[in-house]
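Asker: Here's a structure for you.
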Amino acid sequence: MLLARAIHFDESDQRVFFNAARTGEWAISGGFEFSNWSDADLVGKARQAFSNGWLGAETFGRVTFVAVTPIQTSEMNTLVQVIAQHFVEVYGAPSIEAALPVAQEELRHMSDLCQEHDPNTVLTVTRELSDSGVREQFRSIQPADAELEQFAVHATPD
């Protein structure tokens with residue numbers, strides 16, 4: 001089973017999002033956060049989160065890039081509980097039991113997206129508002145096939 005972890009190539013996420021996801025935390029699309037948004041909501045850091053932010057599934061911060069990574073069933077089960085609790089605390093779900101199927105679906109959606117890619121593939125998301133709601137598009141950046149010689153410095157016995 002595959003899911004995605006937040007990655008950072010620089011410190012820009014710390015500046016462009018209200019709350020940046022932690023490097024290495026599991027991430028999901030998180031487009032549900034914007035389901036009731038209009039153009040008036042798309043300003044400043046909120047616009048950045050809407051436009052291209054994945055949702056960290058532990059801190060619930062945003063991140064620009066995620067990398068496809070294997071996940072254990074036990075980790076997935078824990079994430080379902082964490083996300084369901086978030087739905088209760090932040091979005092007013094009536095109970096954990098009511099929120100569990102929605103949390104499972106969010107993780108299933110992300111896992112299905114990741115299954116299309118090899119581990120270490122970097123993913124990006126872009127969103128736009130349409131007449132029918134939020135439209136998401138996903139792009140992938142394949143891991144580079146690097147040769148050891150590109151990174152290693154070889155010494156001679158001289």
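Simple scheme: letters A, B, ... for chains in structure tokens order, numbers from 1 for residues in each chain, numbers from 1 for ligands in the order shown.
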According to DSSP computed on the backbone, where in stretch 4-158 of chain A is there alpha helix (DSSP H)? Give the residues as an NGL selection string.

Answerer: :A and (12-16 or 44-52 or 73-91 or 96-115)

Asker: Give me the residues within 7 Å of A:Val68 as an MDAnalysis selection string, counting only C-alpha atoms and dropping any in the same chain fewer than 6 places off.

Answerer: chainID A and resid 2:5 114 118:122

Asker: Just how far from atom CA of A:Ala57 is atom CA of A:Trp26, in Å to one decimal?

Answerer: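 Separation of atom CA of A:Trp26 and atom CA of A:Ala57: 5.5 Å.
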
Asker: Would you give me, as an MDAnalysis selection string, the residues in chain A that DSSP reads as strand (DSSP E)?

Answerer: chainID A and resid 2:7 26:28 54:56 62:63 65:70 122:130 133:141

Asker: For the residues in the current selection, export C-alpha atoms as an mmCIF file, in the first residue's frame.

Answerer:
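Printed below is again_24.cif as written:
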data_model
loop_
_atom_site.group_PDB
_atom_site.id
_atom_site.type_symbol
_atom_site.label_atom_id
_atom_site.label_comp_id
_atom_site.auth_asym_id
_atom_site.auth_seq_id
_atom_site.Cartn_x
_atom_site.Cartn_y
_atom_site.Cartn_z
ATOM 1 C CA LEU A 2 1.228 3.498 -0.855
ATOM 2 C CA LEU A 3 0.477 6.941 0.516
ATOM 3 C CA ALA A 4 2.368 10.251 0.421
ATOM 4 C CA ARG A 5 4.583 12.096 2.875
ATOM 5 C CA ALA A 6 5.187 15.839 3.037
ATOM 6 C CA ILE A 7 8.560 16.922 1.689
ATOM 7 C CA TRP A 26 1.533 11.681 5.956
ATOM 8 C CA ALA A 27 -0.480 13.852 3.573
ATOM 9 C CA ILE A 28 -3.792 13.795 1.747
ATOM 10 C CA TRP A 54 -1.622 19.213 0.211
ATOM 11 C CA LEU A 55 -2.958 18.665 3.746
ATOM 12 C CA GLY A 56 -0.680 17.128 6.356
ATOM 13 C CA ARG A 62 -0.201 22.546 4.172
ATOM 14 C CA VAL A 63 2.713 21.495 1.970
ATOM 15 C CA PHE A 65 5.167 18.749 -2.494
ATOM 16 C CA VAL A 66 4.568 15.176 -1.367
ATOM 17 C CA ALA A 67 6.458 11.980 -2.176
ATOM 18 C CA VAL A 68 4.883 8.573 -2.736
ATOM 19 C CA THR A 69 5.904 6.211 0.069
ATOM 20 C CA PRO A 70 4.921 2.734 1.297
ATOM 21 C CA VAL A 122 6.931 13.682 -6.204
ATOM 22 C CA LEU A 123 3.326 14.845 -6.572
ATOM 23 C CA THR A 124 1.822 18.315 -6.881
ATOM 24 C CA VAL A 125 -1.788 19.473 -6.785
ATOM 25 C CA THR A 126 -3.470 22.470 -8.381
ATOM 26 C CA ARG A 127 -7.021 23.564 -7.669
ATOM 27 C CA GLU A 128 -9.513 25.927 -9.188
ATOM 28 C CA LEU A 129 -13.088 26.851 -8.425
ATOM 29 C CA SER A 130 -15.624 25.840 -11.050
ATOM 30 C CA GLY A 133 -17.157 23.045 -7.070
ATOM 31 C CA VAL A 134 -13.446 22.558 -6.517
ATOM 32 C CA ARG A 135 -11.542 20.949 -9.383
ATOM 33 C CA GLU A 136 -8.208 19.286 -8.564
ATOM 34 C CA GLN A 137 -5.451 18.294 -10.956
ATOM 35 C CA PHE A 138 -2.442 16.218 -9.987
ATOM 36 C CA ARG A 139 1.006 16.136 -11.552
ATOM 37 C CA SER A 140 3.917 13.821 -10.941
ATOM 38 C CA ILE A 141 7.685 14.217 -11.101
#

Asker: With only C-alpha atoms as the atoms that count, which of A:Ser51, A:Arg15, A:Pro94, A:Thr73 lies nearest to A:Asp39?

Answerer: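 Counting only C-alpha atoms, the residue closest to A:Asp39 is A:Ser51.
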